[in-house]
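J.: Below is model33.pdb; it holds PDB, C-alpha atoms.
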ATOM      1  CA  MET A 216     133.637  82.494 116.234
ATOM      2  CA  GLU A 217     131.377  85.453 117.004
ATOM      3  CA  GLN A 218     128.047  84.459 118.543
ATOM      4  CA  ILE A 219     124.992  86.229 117.121
ATOM      5  CA  ASN A 220     121.571  86.014 118.757
ATOM      6  CA  TYR A 221     118.689  85.519 116.354
ATOM      7  CA  THR A 222     115.375  86.528 117.906
ATOM      8  CA  ALA A 223     111.870  87.608 116.990
ATOM      9  CA  VAL A 224     111.263  91.285 117.665
ATOM     10  CA  THR A 225     108.227  93.180 118.911
ATOM     11  CA  TYR A 226     109.690  96.651 118.347
ATOM     12  CA  PHE A 227     112.465  98.384 116.432
ATOM     13  CA  ILE A 228     114.868 101.158 117.399
ATOM     14  CA  ILE A 229     115.148 103.914 114.779
ATOM     15  CA  LYS A 230     118.766 105.030 114.694
ATOM     16  CA  GLY A 231     117.935 108.318 112.972
ATOM     17  CA  ILE A 232     119.889 110.601 110.673
ATOM     18  CA  SER A 233     122.934 111.205 112.889
ATOM     19  CA  ASP A 234     124.304 109.948 116.223
ATOM     20  CA  ARG A 235     126.141 113.174 117.027
ATOM     21  CA  PRO A 236     124.381 115.005 119.929
ATOM     22  CA  GLU A 237     125.407 118.494 118.772
ATOM     23  CA  LEU A 238     123.594 117.933 115.454
ATOM     24  CA  GLN A 239     120.258 116.831 116.918
ATOM     25  CA  ALA A 240     118.752 120.321 117.391
ATOM     26  CA  PRO A 241     119.832 121.674 113.953
ATOM     27  CA  ILE A 242     118.572 118.481 112.246
ATOM     28  CA  PHE A 243     115.234 118.722 114.074
ATOM     29  CA  LEU A 244     114.771 122.369 113.063
ATOM     30  CA  LEU A 245     115.738 121.593 109.460
ATOM     31  CA  ILE A 246     113.354 118.620 109.211
ATOM     32  CA  LEU A 247     110.537 120.627 110.846
ATOM     33  CA  LEU A 248     111.115 123.537 108.448
ATOM     34  CA  ILE A 249     111.156 121.204 105.438
ATOM     35  CA  TYR A 250     107.947 119.532 106.591
ATOM     36  CA  LEU A 251     106.125 122.837 107.164
ATOM     37  CA  ILE A 252     107.230 124.206 103.771
ATOM     38  CA  CYS A 253     106.124 120.985 102.066
ATOM     39  CA  LEU A 254     102.786 121.040 103.867
ATOM     40  CA  GLY A 255     102.197 124.725 103.069
ATOM     41  CA  GLY A 256     103.323 124.597  99.429
ATOM     42  CA  ASN A 257     101.399 121.476  98.477
ATOM     43  CA  THR A 258      98.295 122.574 100.394
ATOM     44  CA  MET A 259      98.425 125.831  98.421
ATOM     45  CA  ILE A 260      98.445 123.858  95.135
ATOM     46  CA  LEU A 261      95.462 121.764  96.289
ATOM     47  CA  LEU A 262      93.498 124.861  97.335
ATOM     48  CA  LEU A 263      94.248 126.702  94.086
ATOM     49  CA  VAL A 264      93.082 123.759  91.961
ATOM     50  CA  PHE A 265      89.964 123.369  94.112
ATOM     51  CA  LEU A 266      89.020 127.062  94.271
ATOM     52  CA  ASP A 267      89.982 128.307  90.797
ATOM     53  CA  PRO A 268      87.795 126.932  87.944
ATOM     54  CA  GLN A 269      90.464 127.930  85.403
ATOM     55  CA  LEU A 270      92.849 125.374  86.920
ATOM     56  CA  ARG A 271      90.408 122.486  86.601
ATOM     57  CA  THR A 272      92.264 120.971  83.677
ATOM     58  CA  PRO A 273      93.896 117.509  83.304
ATOM     59  CA  MET A 274      97.375 118.893  84.005
ATOM     60  CA  TYR A 275      96.339 120.493  87.314
ATOM     61  CA  PHE A 276      94.175 117.516  88.233
ATOM     62  CA  PHE A 277      97.288 115.323  88.111
ATOM     63  CA  LEU A 278      99.320 118.037  89.846
ATOM     64  CA  SER A 279      96.833 118.052  92.731
ATOM     65  CA  ASN A 280      97.255 114.262  92.992
ATOM     66  CA  LEU A 281     101.025 114.753  93.093
ATOM     67  CA  SER A 282     100.648 117.361  95.849
ATOM     68  CA  LEU A 283      98.429 115.023  97.877
ATOM     69  CA  ILE A 284     101.035 112.260  97.538
ATOM     70  CA  ASP A 285     103.785 114.655  98.650
ATOM     71  CA  ILE A 286     101.812 115.649 101.771
ATOM     72  CA  CYS A 287     101.099 112.005 102.631
ATOM     73  CA  SER A 288     104.650 110.760 101.960
ATOM     74  CA  THR A 289     106.408 113.471 103.994
ATOM     75  CA  THR A 290     103.959 112.933 106.866
ATOM     76  CA  VAL A 291     104.463 109.159 106.754
ATOM     77  CA  ASN A 292     108.268 109.350 106.525
ATOM     78  CA  LEU A 293     109.077 112.340 108.739
ATOM     79  CA  HIS A 294     106.522 112.115 111.545
ATOM     80  CA  LYS A 295     108.522 109.487 113.455
ATOM     81  CA  ILE A 296     111.847 111.315 113.267
ATOM     82  CA  LEU A 297     110.142 114.525 114.480
ATOM     83  CA  PHE A 298     108.497 112.574 117.311
ATOM     84  CA  ILE A 299     111.865 111.085 118.287
ATOM     85  CA  PHE A 300     113.455 114.544 118.528
ATOM     86  CA  ILE A 301     110.577 115.841 120.679
ATOM     87  CA  SER A 302     110.030 112.842 122.973
ATOM     88  CA  GLY A 303     113.450 111.186 122.971
ATOM     89  CA  ASP A 304     111.747 107.821 122.377
ATOM     90  CA  ASN A 305     113.278 106.250 119.270
ATOM     91  CA  THR A 306     111.361 102.975 119.440
ATOM     92  CA  THR A 307     108.535 101.948 117.131
ATOM     93  CA  SER A 308     106.339  98.875 117.343
ATOM     94  CA  PHE A 309     106.705  96.087 114.806
ATOM     95  CA  ILE A 310     103.216  96.767 113.423
ATOM     96  CA  CYS A 311     103.791 100.541 113.082
ATOM     97  CA  CYS A 312     107.084  99.847 111.331
ATOM     98  CA  MET A 313     105.400  97.524 108.807
ATOM     99  CA  ILE A 314     102.624 100.066 108.184
ATOM    100  CA  GLN A 315     105.173 102.823 107.571
ATOM    101  CA  MET A 316     107.130 100.637 105.149
ATOM    102  CA  TYR A 317     103.935  99.685 103.286
ATOM    103  CA  MET A 318     102.789 103.318 103.017
ATOM    104  CA  PHE A 319     106.200 104.458 101.786
ATOM    105  CA  ILE A 320     106.382 101.830  99.015
ATOM    106  CA  SER A 321     102.758 102.430  98.041
ATOM    107  CA  LEU A 322     103.131 106.223  97.773
ATOM    108  CA  GLN A 323     106.486 105.929  95.962
ATOM    109  CA  THR A 324     104.935 103.658  93.307
ATOM    110  CA  THR A 325     101.908 105.947  93.007
ATOM    111  CA  VAL A 326     104.059 109.029  92.379
ATOM    112  CA  PHE A 327     105.915 107.213  89.570
ATOM    113  CA  LEU A 328     102.594 106.357  87.903
ATOM    114  CA  ILE A 329     101.137 109.853  88.373
ATOM    115  CA  LEU A 330     104.250 111.359  86.759
ATOM    116  CA  ALA A 331     103.850 108.896  83.871
ATOM    117  CA  ALA A 332     100.213 110.006  83.498
ATOM    118  CA  MET A 333     101.340 113.648  83.513
ATOM    119  CA  GLY A 334     103.894 112.789  80.820
ATOM    120  CA  TYR A 335     101.125 111.274  78.702
ATOM    121  CA  ASP A 336      99.025 114.389  79.266
ATOM    122  CA  ARG A 337     101.892 116.594  78.016
ATOM    123  CA  TYR A 338     102.365 114.246  75.032
ATOM    124  CA  VAL A 339      98.734 114.632  73.989
ATOM    125  CA  ALA A 340      98.806 118.414  74.557
ATOM    126  CA  ILE A 341     101.891 118.922  72.356
ATOM    127  CA  CYS A 342     101.699 116.094  69.810
ATOM    128  CA  ASN A 343      97.936 115.946  69.337
ATOM    129  CA  PRO A 344      96.559 119.332  70.484
ATOM    130  CA  LEU A 345      93.421 119.275  68.296
ATOM    131  CA  HIS A 346      92.145 116.147  70.053
ATOM    132  CA  TYR A 347      93.395 117.062  73.531
ATOM    133  CA  GLN A 348      89.990 117.756  75.099
ATOM    134  CA  MET A 349      88.548 114.564  73.644
ATOM    135  CA  VAL A 350      91.474 112.311  74.606
ATOM    136  CA  MET A 351      92.150 113.763  78.067
ATOM    137  CA  ASN A 352      88.539 113.954  79.178
ATOM    138  CA  ARG A 353      87.424 113.787  82.805
ATOM    139  CA  LYS A 354      86.721 110.038  82.667
ATOM    140  CA  ILE A 355      90.192 109.187  81.327
ATOM    141  CA  CYS A 356      91.860 111.393  83.953
ATOM    142  CA  LEU A 357      89.919 109.713  86.758
ATOM    143  CA  ILE A 358      90.788 106.258  85.396
ATOM    144  CA  LEU A 359      94.507 107.094  85.191
ATOM    145  CA  ALA A 360      94.574 108.591  88.698
ATOM    146  CA  THR A 361      92.571 105.730  90.232
ATOM    147  CA  PHE A 362      94.782 103.164  88.487
ATOM    148  CA  SER A 363      97.893 104.886  89.898
ATOM    149  CA  TRP A 364      96.608 104.835  93.490
ATOM    150  CA  VAL A 365      95.292 101.254  93.304
ATOM    151  CA  MET A 366      98.478  99.936  91.671
ATOM    152  CA  GLY A 367     100.536 101.683  94.344
ATOM    153  CA  CYS A 368      98.652  99.779  97.056
ATOM    154  CA  MET A 369      98.902  96.500  95.145
ATOM    155  CA  GLU A 370     102.634  96.836  94.437
ATOM    156  CA  ALA A 371     103.428  97.387  98.118
ATOM    157  CA  THR A 372     101.487  94.342  99.362
ATOM    158  CA  PRO A 373     103.824  91.508  98.205
ATOM    159  CA  THR A 374     106.891  93.273  99.642
ATOM    160  CA  LEU A 375     105.098  93.664 102.971
ATOM    161  CA  LEU A 376     104.076  89.992 102.972
ATOM    162  CA  GLY A 377     107.631  88.974 102.034
ATOM    163  CA  ILE A 378     109.109  90.875 105.000
ATOM    164  CA  LEU A 379     106.392  89.538 107.323
ATOM    165  CA  SER A 380     107.254  85.961 106.324
ATOM    166  CA  PHE A 381     110.541  86.248 108.261
ATOM    167  CA  THR A 382     110.361  85.803 112.015
ATOM    168  CA  CYS A 383     113.916  86.283 113.301
ATOM    169  CA  TYR A 384     116.267  89.261 113.146
ATOM    170  CA  LYS A 385     119.963  89.750 113.911
ATOM    171  CA  SER A 386     119.127  93.055 115.592
ATOM    172  CA  ASN A 387     116.186  95.389 116.124
ATOM    173  CA  ILE A 388     118.199  98.554 115.418
ATOM    174  CA  ILE A 389     117.279 100.119 112.044
ATOM    175  CA  ASN A 390     120.089 102.265 110.655
ATOM    176  CA  HIS A 391     117.683 104.705 109.024
ATOM    177  CA  PHE A 392     115.266 107.491 109.945
ATOM    178  CA  PHE A 393     112.175 105.480 109.009
ATOM    179  CA  CYS A 394     111.202 101.855 108.325
ATOM    180  CA  ASP A 395     112.382 101.196 104.773
ATOM    181  CA  ALA A 396     112.520  97.722 103.223
ATOM    182  CA  MET A 397     116.248  97.820 102.410
ATOM    183  CA  PRO A 398     117.653  98.462 105.945
ATOM    184  CA  LEU A 399     114.988  96.127 107.378
ATOM    185  CA  LYS A 400     116.060  93.376 105.006
ATOM    186  CA  LYS A 401     119.664  93.653 106.223
ATOM    187  CA  LEU A 402     118.519  92.734 109.745
ATOM    188  CA  ILE A 403     116.835  89.474 108.712
ATOM    189  CA  CYS A 404     118.795  86.378 109.789
ATOM    190  CA  SER A 405     117.354  84.048 107.118
ATOM    191  CA  ASP A 406     118.261  83.863 103.449
ATOM    192  CA  THR A 407     116.598  86.811 101.685
ATOM    193  CA  THR A 408     117.526  85.851  98.103
ATOM    194  CA  PHE A 409     113.899  85.421  97.036
ATOM    195  CA  VAL A 410     112.860  88.770  98.546
ATOM    196  CA  ASP A 411     115.901  90.439  96.939
ATOM    197  CA  LEU A 412     114.902  89.002  93.566
ATOM    198  CA  TYR A 413     111.302  90.086  94.016
ATOM    199  CA  ILE A 414     112.276  93.643  95.012
ATOM    200  CA  LEU A 415     114.553  93.822  91.956
ATOM    201  CA  ILE A 416     111.928  92.516  89.513
ATOM    202  CA  ASP A 417     108.730  93.952  90.929
ATOM    203  CA  GLY A 418     109.983  97.029  92.775
ATOM    204  CA  GLY A 419     112.769  97.965  90.365
ATOM    205  CA  LEU A 420     111.628  96.811  86.942
ATOM    206  CA  ILE A 421     107.822  97.040  87.244
ATOM    207  CA  ALA A 422     107.071  99.725  89.845
ATOM    208  CA  CYS A 423     109.920 102.064  88.865
ATOM    209  CA  PHE A 424     111.358 101.222  85.444
ATOM    210  CA  THR A 425     107.991 100.750  83.670
ATOM    211  CA  PRO A 426     106.616 104.228  84.596
ATOM    212  CA  PHE A 427     110.069 105.673  83.812
ATOM    213  CA  SER A 428     110.014 104.012  80.377
ATOM    214  CA  LEU A 429     106.492 105.288  79.655
ATOM    215  CA  THR A 430     107.529 108.813  80.678
ATOM    216  CA  LEU A 431     110.680 108.551  78.547
ATOM    217  CA  VAL A 432     108.691 107.405  75.509
ATOM    218  CA  SER A 433     106.285 110.329  75.957
ATOM    219  CA  TYR A 434     109.200 112.767  75.974
ATOM    220  CA  ILE A 435     110.825 111.169  72.938
ATOM    221  CA  PHE A 436     107.646 111.935  70.981
ATOM    222  CA  ILE A 437     107.361 115.380  72.596
ATOM    223  CA  ILE A 438     110.947 116.361  71.711
ATOM    224  CA  ASN A 439     110.519 115.000  68.193
ATOM    225  CA  THR A 440     107.375 117.120  67.734
ATOM    226  CA  ILE A 441     109.024 120.228  69.207
ATOM    227  CA  MET A 442     112.031 119.855  66.870
ATOM    228  CA  ARG A 443     109.683 119.855  63.856
ATOM    229  CA  ILE A 444     108.111 123.204  64.822
ATOM    230  CA  ASN A 445     109.381 125.848  62.415
ATOM    231  CA  SER A 446     109.411 128.956  64.597
ATOM    232  CA  SER A 447     111.742 129.306  67.576
ATOM    233  CA  THR A 448     108.914 131.006  69.501
ATOM    234  CA  GLY A 449     106.674 128.006  68.921
ATOM    235  CA  ARG A 450     109.395 125.586  70.030
ATOM    236  CA  ARG A 451     110.067 127.643  73.151
ATOM    237  CA  LYS A 452     106.355 127.811  74.008
ATOM    238  CA  ALA A 453     105.896 124.067  73.484
ATOM    239  CA  PHE A 454     108.907 123.218  75.649
ATOM    240  CA  TYR A 455     107.716 125.632  78.353
ATOM    241  CA  THR A 456     104.454 123.687  78.749
ATOM    242  CA  CYS A 457     106.311 120.554  79.851
ATOM    243  CA  SER A 458     109.474 121.996  81.435
ATOM    244  CA  SER A 459     108.133 121.941  85.028
ATOM    245  CA  HIS A 460     107.094 118.303  84.765
ATOM    246  CA  LEU A 461     110.413 117.364  83.145
ATOM    247  CA  ILE A 462     112.413 119.001  85.965
ATOM    248  CA  VAL A 463     110.372 117.127  88.609
ATOM    249  CA  VAL A 464     110.846 113.811  86.764
ATOM    250  CA  ILE A 465     114.627 114.309  86.475
ATOM    251  CA  LEU A 466     114.945 115.238  90.168
ATOM    252  CA  LEU A 467     112.909 112.296  91.416
ATOM    253  CA  TYR A 468     114.376 109.554  89.235
ATOM    254  CA  THR A 469     117.958 110.780  89.699
ATOM    255  CA  THR A 470     117.506 110.607  93.473
ATOM    256  CA  VAL A 471     115.840 107.174  93.364
ATOM    257  CA  PHE A 472     118.500 105.713  91.063
ATOM    258  CA  CYS A 473     121.270 107.047  93.322
ATOM    259  CA  GLN A 474     119.470 105.652  96.354
ATOM    260  CA  TYR A 475     118.739 102.134  95.124
ATOM    261  CA  LEU A 476     120.922 101.423  92.076
ATOM    262  CA  THR A 477     124.392 102.262  93.396
ATOM    263  CA  PRO A 478     127.051  99.542  92.908
ATOM    264  CA  LYS A 479     127.985  97.334  95.878
ATOM    265  CA  SER A 480     131.330  99.101  96.212
ATOM    266  CA  MET A 481     129.347 102.259  97.061
ATOM    267  CA  ASP A 482     126.641 100.474  99.088
ATOM    268  CA  ASN A 483     126.820 102.736 102.132
ATOM    269  CA  LEU A 484     123.749 103.155 104.339
ATOM    270  CA  GLU A 485     124.877 106.600 105.495
ATOM    271  CA  SER A 486     125.012 107.968 101.941
ATOM    272  CA  LYS A 487     121.731 106.240 101.121
ATOM    273  CA  LYS A 488     120.135 108.009 104.091
ATOM    274  CA  ILE A 489     121.093 111.340 102.511
ATOM    275  CA  PHE A 490     119.555 110.357  99.166
ATOM    276  CA  SER A 491     116.492 109.015 100.983
ATOM    277  CA  LEU A 492     116.113 112.285 102.904
ATOM    278  CA  PHE A 493     116.356 114.229  99.652
ATOM    279  CA  ASN A 494     113.796 111.937  98.016
ATOM    280  CA  THR A 495     111.301 111.914 100.889
ATOM    281  CA  ALA A 496     111.684 115.492 102.151
ATOM    282  CA  VAL A 497     113.387 117.833  99.695
ATOM    283  CA  VAL A 498     111.775 116.723  96.397
ATOM    284  CA  PRO A 499     108.215 117.176  97.801
ATOM    285  CA  ILE A 500     108.952 120.823  98.680
ATOM    286  CA  LEU A 501     110.563 121.456  95.286
ATOM    287  CA  ASN A 502     107.481 120.255  93.377
ATOM    288  CA  PRO A 503     105.156 123.166  94.338
ATOM    289  CA  MET A 504     108.046 125.634  94.017
ATOM    290  CA  ILE A 505     108.886 124.459  90.500
ATOM    291  CA  TYR A 506     105.250 124.525  89.367
ATOM    292  CA  SER A 507     104.595 127.867  91.081
ATOM    293  CA  LEU A 508     107.708 129.729  89.956
ATOM    294  CA  LYS A 509     107.665 128.445  86.374
ATOM    295  CA  ASN A 510     103.929 128.452  85.770
ATOM    296  CA  LYS A 511     102.043 131.585  84.716
ATOM    297  CA  ASP A 512      98.665 129.926  85.338
ATOM    298  CA  VAL A 513      99.474 129.271  89.010
ATOM    299  CA  LYS A 514     100.758 132.830  89.515
ATOM    300  CA  SER A 515      97.643 134.251  87.836
ATOM    301  CA  SER A 516      95.438 132.040  89.986
ATOM    302  CA  VAL A 517      97.101 133.329  93.174
ATOM    303  CA  ARG A 518      96.602 136.935  92.031
ATOM    304  CA  ARG A 519      92.942 136.316  91.167
ATOM    305  CA  LEU A 520      92.210 134.689  94.510
ATOM    306  CA  LEU A 521      94.013 137.432  96.448
ATOM    307  CA  LYS A 522      92.144 140.076  94.479
ATOM    308  CA  SER A 523      88.790 138.389  95.096
ATOM    309  CA  ARG A 524      89.581 138.196  98.811
ATOM    310  CA  LYS A 525      90.346 141.912  98.917
ATOM    311  CA  LEU A 526      87.094 142.717  97.111
ATOM    312  CA  SER A 527      85.106 140.525  99.504
ATOM    313  CA  PHE A 528      86.391 142.594 102.442
TER     314      PHE A 528
END
Show the structure stored in the file as structure tokens.
T.:
Amino acid sequence: MEQINYTAVTYFIIKGISDRPELQAPIFLLILLIYLICLGGNTMILLLVFLDPQLRTPMYFFLSNLSLIDICSTTVNLHKILFIFISGDNTTSFICCMIQMYMFISLQTTVFLILAAMGYDRYVAICNPLHYQMVMNRKICLILATFSWVMGCMEATPTLLGILSFTCYKSNIINHFFCDAMPLKKLICSDTTFVDLYILIDGGLIACFTPFSLTLVSYIFIINTIMRINSSTGRRKAFYTCSSHLIVVILLYTTVFCQYLTPKSMDNLESKKIFSLFNTAVVPILNPMIYSLKNKDVKSSVRRLLKSRKLSF
């Protein structure tokens, strides 16, 4: 019978995206490019919302929160893999690994809730436009955003405590490019049934499925309202106001479902790393692109700011 050593660990070894030496430089350049584009695009959204008074509306308030989450999540998830490529040191301390896992879960939950809040905002704007300013006032927006951030932190805490409750591991090699709960859980030598059940109920049903359901309900009402508009121009205009948000929602949830809800027959860590990379790196750079390319207000804001800069010189 094969002998397996079960030991407590003080550090983990991050296996990374690929073991092939010839792919290390191209992967590093790709990840660095993705990170810089994400940082630049989302910083641009934050600056536009901050500098342009015409973008200080509920929709752009939530969009700025989404951009801040994207900057934080890509930094949290990609900084270690970039450091590994530069330094050659693929180890991370136990504490740093736990912090990274906690931050990832927290930010992932927060983005689900922010997207649900944005869906509610679009629902009020399309289904109840006459009361939009009254319903989506500054106080309500702050409450929804604060609730999203606080709930994100709270949702991540039990998972962190559950992982910390285990003291022995089969190995300290994480087959991933950052410390995620799923590959970490596979290394634990004890029975993880309770943690599995908790992740399914709390992480899957509450943190993910509940915001998804709220967003879905908002769009059911939105589509129903759009279908009852008589003119095709009116329907097109109404759909245009929520199309950017809808595209972002579809991209994010499709990636997450493929990453975490695949059947056991397709439970392959290598494929999940690809979905995870898309979720943590590619989706955050698509968000500002989608909102910039499809949104007249953002384009107008860029032109106004550029024009004001020219006049100031």
J.: Would you kindly translate the PyMOL selection byres ((chain A and resi 249) around 10) into the concrete residues it picks from this file, as a PyMOL selection string?
T.: chain A and resi 243-248+250-255+289+293+496-497+499-500
J.: Expanded to explicit residues, what is the PyMOL selection byres ((chain A and resi 506) around 12) for this file, as a VMD selection string?
T.: chain A and resid 256 to 257 259 to 260 274 to 275 278 to 279 281 to 282 455 to 463 499 to 505 507 to 514
J.: Once the PyMOL selection byres ((chain A and resi 298-314) around 6) has been evaluated on this model, what residues remain selected, and can you format them as a VMD selection string?
T.: chain A and resid 225 to 229 295 to 297 315 to 317 394
J.: In terms of the shortest atom-to-atom distance over all atoms listed in the file, which of A:Leu420, A:Gln269, A:Phe319, A:Thr382 is closest to A:Ser405?
T.: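 For A:Ser405, the nearest of the given residues is A:Thr382.
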J.: Kindly indicate which residue among A:Arg443, A:Phe493, A:Leu520, A:Phe381 lies nearest to A:Cys342, using only C-alpha atoms for the distances.
T.: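 So, comparing all the options, the nearest one is A:Arg443.
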J.: I'd like the contact shell of A:Ile435 - 12 Å cut-off, all atoms listed in the file, skipping same-chain residues fewer than 5 positions apart - returned as a list of chain:residue names.
T.: A:Gly334, A:Tyr335, A:Arg337, A:Tyr338, A:Ile341, A:Cys342, A:Ser428, A:Leu429, A:Thr430, A:Thr440, A:Ile441, A:Met442, A:Leu461
J.: Measuring atom to atom with all atoms listed in the file, identify which of A:Leu322, A:Cys383, A:Cys287, A:Ile416 is nearest to A:Lys400.
T.: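 Counting all atoms listed in the file, the residue closest to A:Lys400 is A:Cys383.
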J.: Box along x, y and z, 5 Å on every side, all listed atoms of stretch 501-517 of chain A inside: centre and edge lengths in Å to one decimal, as lines of an AutoDock Vina configuration file.
T.:
center_x = 103.0
center_y = 127.3
center_z = 90.0
size_x = 25.1
size_y = 24.0
size_z = 20.6
J.: Would you work out the distance separating atom CA of A:Met333 from atom CA of A:Ser363, expressed in Å to one decimal?
T.: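 So the two atoms, atom CA of A:Met333 and atom CA of A:Ser363, lie 11.4 Å apart.
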J.: I'd like the interatomic distance between atom CA of A:Met397 and atom CA of A:Ser380, to a tenth of an Å.
T.: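 It comes out at 15.4 Å.
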J.: Would you work out the distance separating atom CA of A:Arg519 from atom CA of A:Phe276, expressed in Å to one decimal?
T.: 19.1 Å
J.: Using only C-alpha atoms, which of the listed residues (A:Asn280, A:Gly418, A:Ala396, A:Asn387) sits closest to A:Trp364?
T.: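 Result for the nearest residue to A:Trp364: A:Asn280.
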J.: Taking only C-alpha atoms into account, which of A:Phe277, A:Phe362, A:Tyr384, A:Phe392 comes nearest A:Ser233?
T.: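 For A:Ser233, the nearest of the given residues is A:Phe392.
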J.: Using only C-alpha atoms, which of A:Ile438, A:Leu399, A:Ala453, A:Ile389 sits nearest A:Gly231?
T.: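 When distances to A:Gly231 are compared using only C-alpha atoms, the smallest one comes from A:Ile389.
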J.: Please list as a list in words every residue within 9 Å of A:Leu431, counting all atoms listed in the file and excluding residues in the same chain fewer than 5 positions away.
T.: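 What passes the distance filter is Ala331, Gly334, Pro426 and Phe436 of chain A.
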J.: Show which residues sit within 12 Å of A:Phe409, as an NGL selection string. Count all atoms listed in the file, and ignore same-chain residues fewer than 2 positions away.
T.: :A and (373-374 or 377-378 or 380-381 or 400 or 405-407 or 411-417)
J.: Would you export the selected residues with C-alpha atoms as a short mmCIF file (atom, residue, chain, number, x, y, z; two decimals), keeping the file's coordinate frame, please?
T.:
data_model
loop_
_atom_site.label_atom_id
_atom_site.label_comp_id
_atom_site.auth_asym_id
_atom_site.auth_seq_id
_atom_site.Cartn_x
_atom_site.Cartn_y
_atom_site.Cartn_z
CA PRO A 373 103.82 91.51 98.20
CA THR A 374 106.89 93.27 99.64
CA GLY A 377 107.63 88.97 102.03
CA ILE A 378 109.11 90.88 105.00
CA SER A 380 107.25 85.96 106.32
CA PHE A 381 110.54 86.25 108.26
CA LYS A 400 116.06 93.38 105.01
CA SER A 405 117.35 84.05 107.12
CA ASP A 406 118.26 83.86 103.45
CA THR A 407 116.60 86.81 101.68
CA ASP A 411 115.90 90.44 96.94
CA LEU A 412 114.90 89.00 93.57
CA TYR A 413 111.30 90.09 94.02
CA ILE A 414 112.28 93.64 95.01
CA LEU A 415 114.55 93.82 91.96
CA ILE A 416 111.93 92.52 89.51
CA ASP A 417 108.73 93.95 90.93
#
J.: Just stretch 293-305 of chain A, please, as a tab-separated table (two decimals), in the first residue's frame (only N, CA, C and O atoms).
T.:
chain	number	residue	atom	x	y	z
A	293	LEU	N	-3.34	38.03	-9.29
A	293	LEU	CA	-2.26	37.94	-10.27
A	293	LEU	C	-0.90	38.38	-9.75
A	293	LEU	O	0.11	38.10	-10.39
A	294	HIS	N	-0.88	39.07	-8.60
A	294	HIS	CA	0.41	39.60	-8.14
A	294	HIS	C	1.41	38.48	-7.86
A	294	HIS	O	2.60	38.61	-8.15
A	295	LYS	N	0.93	37.36	-7.30
A	295	LYS	CA	1.83	36.27	-6.94
A	295	LYS	C	2.40	35.59	-8.17
A	295	LYS	O	3.60	35.29	-8.22
A	296	ILE	N	1.55	35.36	-9.17
A	296	ILE	CA	2.04	34.68	-10.38
A	296	ILE	C	3.04	35.56	-11.12
A	296	ILE	O	4.03	35.07	-11.68
A	297	LEU	N	2.83	36.88	-11.11
A	297	LEU	CA	3.80	37.81	-11.72
A	297	LEU	C	5.11	37.80	-10.93
A	297	LEU	O	6.20	37.82	-11.51
A	298	PHE	N	5.00	37.76	-9.61
A	298	PHE	CA	6.19	37.72	-8.75
A	298	PHE	C	6.99	36.44	-8.98
A	298	PHE	O	8.23	36.46	-8.99
A	299	ILE	N	6.26	35.33	-9.17
A	299	ILE	CA	6.93	34.04	-9.41
A	299	ILE	C	7.74	34.09	-10.71
A	299	ILE	O	8.88	33.64	-10.76
A	300	PHE	N	7.14	34.66	-11.76
A	300	PHE	CA	7.84	34.76	-13.05
A	300	PHE	C	9.09	35.62	-12.94
A	300	PHE	O	10.12	35.33	-13.56
A	301	ILE	N	9.01	36.70	-12.15
A	301	ILE	CA	10.14	37.63	-12.03
A	301	ILE	C	11.24	37.06	-11.14
A	301	ILE	O	12.42	37.09	-11.48
A	302	SER	N	10.85	36.53	-9.97
A	302	SER	CA	11.83	36.10	-8.97
A	302	SER	C	12.22	34.63	-9.08
A	302	SER	O	13.30	34.24	-8.63
A	303	GLY	N	11.33	33.82	-9.64
A	303	GLY	CA	11.58	32.38	-9.68
A	303	GLY	C	11.21	31.67	-8.40
A	303	GLY	O	11.32	30.44	-8.29
A	304	ASP	N	10.74	32.42	-7.40
A	304	ASP	CA	10.35	31.84	-6.11
A	304	ASP	C	8.84	31.59	-6.13
A	304	ASP	O	8.04	32.52	-6.08
A	305	ASN	N	8.45	30.32	-6.19
A	305	ASN	CA	7.03	29.99	-6.27
A	305	ASN	C	6.44	29.54	-4.93
A	305	ASN	O	5.42	28.86	-4.88
